[in-house]
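Structure record follows, encoded as structure tokens.
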Amino acid sequence: ADYFRTLYDYHYWARDKVLAAAEGMTEDEYAKDTGFTYKSVRGMLMHTMTAEIMWLARARGESISFADLPNGESHPTLDALSEHWAKVESLQRSYLQSLQDDDLEKDVVFTGRDGNEFRQPLWQILTLVYSHAIQHRSEAAEALTMAARSPGNLDFMVYVRERGQ
């Protein structure tokens with residue numbers, strides 16, 4: 001469980017670097033099509049946050065509808081996204097803090113988009129969210145770098161060294 005708490009701490013550290021790099025973008029820049037799958041910096045960050053919301057709900061045994069997830073229209077600005085994500089982070093950290101090592105092997109049962117029921121061990125769900133965030137955060141970082149707003153080095157070892165670990 002401590003391993004996942006460390007990974008998610010790194011996740012939020014790197015996310016904050018990306019959010020800081022995006023600060024000051026105009027709404028047009030923030031929503032501009034960058035050619036990536038989720039189109040814009042806003043799209044990539046929204047997708048990453050909403051995936052985290054969905055999987056956290058599932059891990060906690062809560063039912064969630066895709067229609068209930070925030071979107072670019074409900075969160076059109078970086079400030080709106082950042083404010084919402086801070087709340088998600090608080091919930092996620094609280095959830096992770098409550099976990100014991102034995103919890104990681106327990107199955108999470110959820111219904112997929114196709115209506116089918118799935119069963120996955122919690123450790124796989126936590127790994128999915130973490131690795132999914134890396135992919136889309138990297139895309140956002142690349143898009144920001146192309147716009148002369150690089151978030152800097154997001155390597156895990158930079159995080160470790162900054163933390164003095």
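Identifiers in this document derive from the order of the structure tokens: chains are assigned A, B, ..., residues are numbered from 1 separately in each chain, and ligands are numbered from 1 in order of occurrence.
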**Prompt:** What are the DSSP strand (DSSP E) residues of stretch 38-150 of chain A, as a ChimeraX atom specification?
**Reply:** /A:107-111,117-121
Once you have the residues from the selection above, write them out as a compact mmCIF listing (two decimals), in the first residue's frame, restricted to C-alpha atoms.
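Output saved as part-v2.txt:
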```txt
# COMPACT_ATOMS: atom_id res chain seq x y z
CA ASP A 107 -11.33 -7.73 -6.33
CA VAL A 108 -13.00 -4.58 -7.58
CA VAL A 109 -16.25 -5.43 -9.34
CA PHE A 110 -17.59 -2.88 -11.81
CA THR A 111 -19.72 -2.49 -14.90
CA GLU A 117 -19.45 -6.86 -15.29
CA PHE A 118 -15.71 -7.01 -14.71
CA ARG A 119 -13.60 -8.11 -11.77
CA GLN A 120 -9.99 -6.93 -11.26
CA PRO A 121 -7.70 -6.95 -8.23
```
**Request:** Show which residues sit within 8 Å of A:Ala22, as a list of chain:residue names. Count only C-alpha atoms, and ignore same-chain residues fewer than 6 positions away.
**Result:**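 My list of contacting residues is A:Tyr30, A:Leu78, A:Leu144, A:Arg149.
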Take the residues just selected and output them with C-alpha atoms as a PDB file, in the first residue's frame.
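Listed below is the output, selection-v2.pdb:
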```
ATOM      1  CA  TYR A  30      -5.777  25.889 -23.575  1.00  0.00           C
ATOM      2  CA  LEU A  78      -7.630  25.592 -16.251  1.00  0.00           C
ATOM      3  CA  LEU A 144       2.962  22.461 -23.639  1.00  0.00           C
ATOM      4  CA  ARG A 149       5.615  26.154 -21.900  1.00  0.00           C
TER       5      ARG A 149
END
```
**Request:** List the neighbours of A:Gln97 out to 12 Å using only C-alpha atoms; skip same-chain residues closer than 2 positions along the sequence, and give me the result as a list in words.
**Result:**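 Returned residues: Ala1, Asp2, Tyr3, Phe4, Arg5, Thr6, Tyr8, Asp9, Glu89, Ser90, Leu91, Gln92, Arg93, Ser94, Tyr95, Leu99, Gln100, Asp101 and Asp103 of chain A.
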**Message:** Just want the 9 Å neighbourhood of A:Ala143, counted on only C-alpha atoms, with same-chain residues fewer than 4 positions away dropped. Output as a count of residues only.
**Reply:** 11
**Item:** Pick from A:Glu73, A:Gly164, A:Tyr159, A:Val129 nearest to A:Trp13, counting only C-alpha atoms
**Value:**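 Smallest separation from A:Trp13 among the options: A:Tyr159.
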**Request:** Considering only C-alpha atoms, state which residue in the set A:Arg42, A:Gln135, A:Arg58, A:Tyr10 is at the smallest distance from A:Arg163.
**Result:**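 Comparing A:Arg42, A:Gln135, A:Arg58, A:Tyr10 against A:Arg163, the winner is A:Tyr10.
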**Message:** Which residue is closest to A:Ile53? Choose from A:Asn116, A:Ala133, A:Thr37, A:Val160 and count only C-alpha atoms.
**Reply:**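 Closest to A:Ile53, using only C-alpha atoms: A:Ala133.
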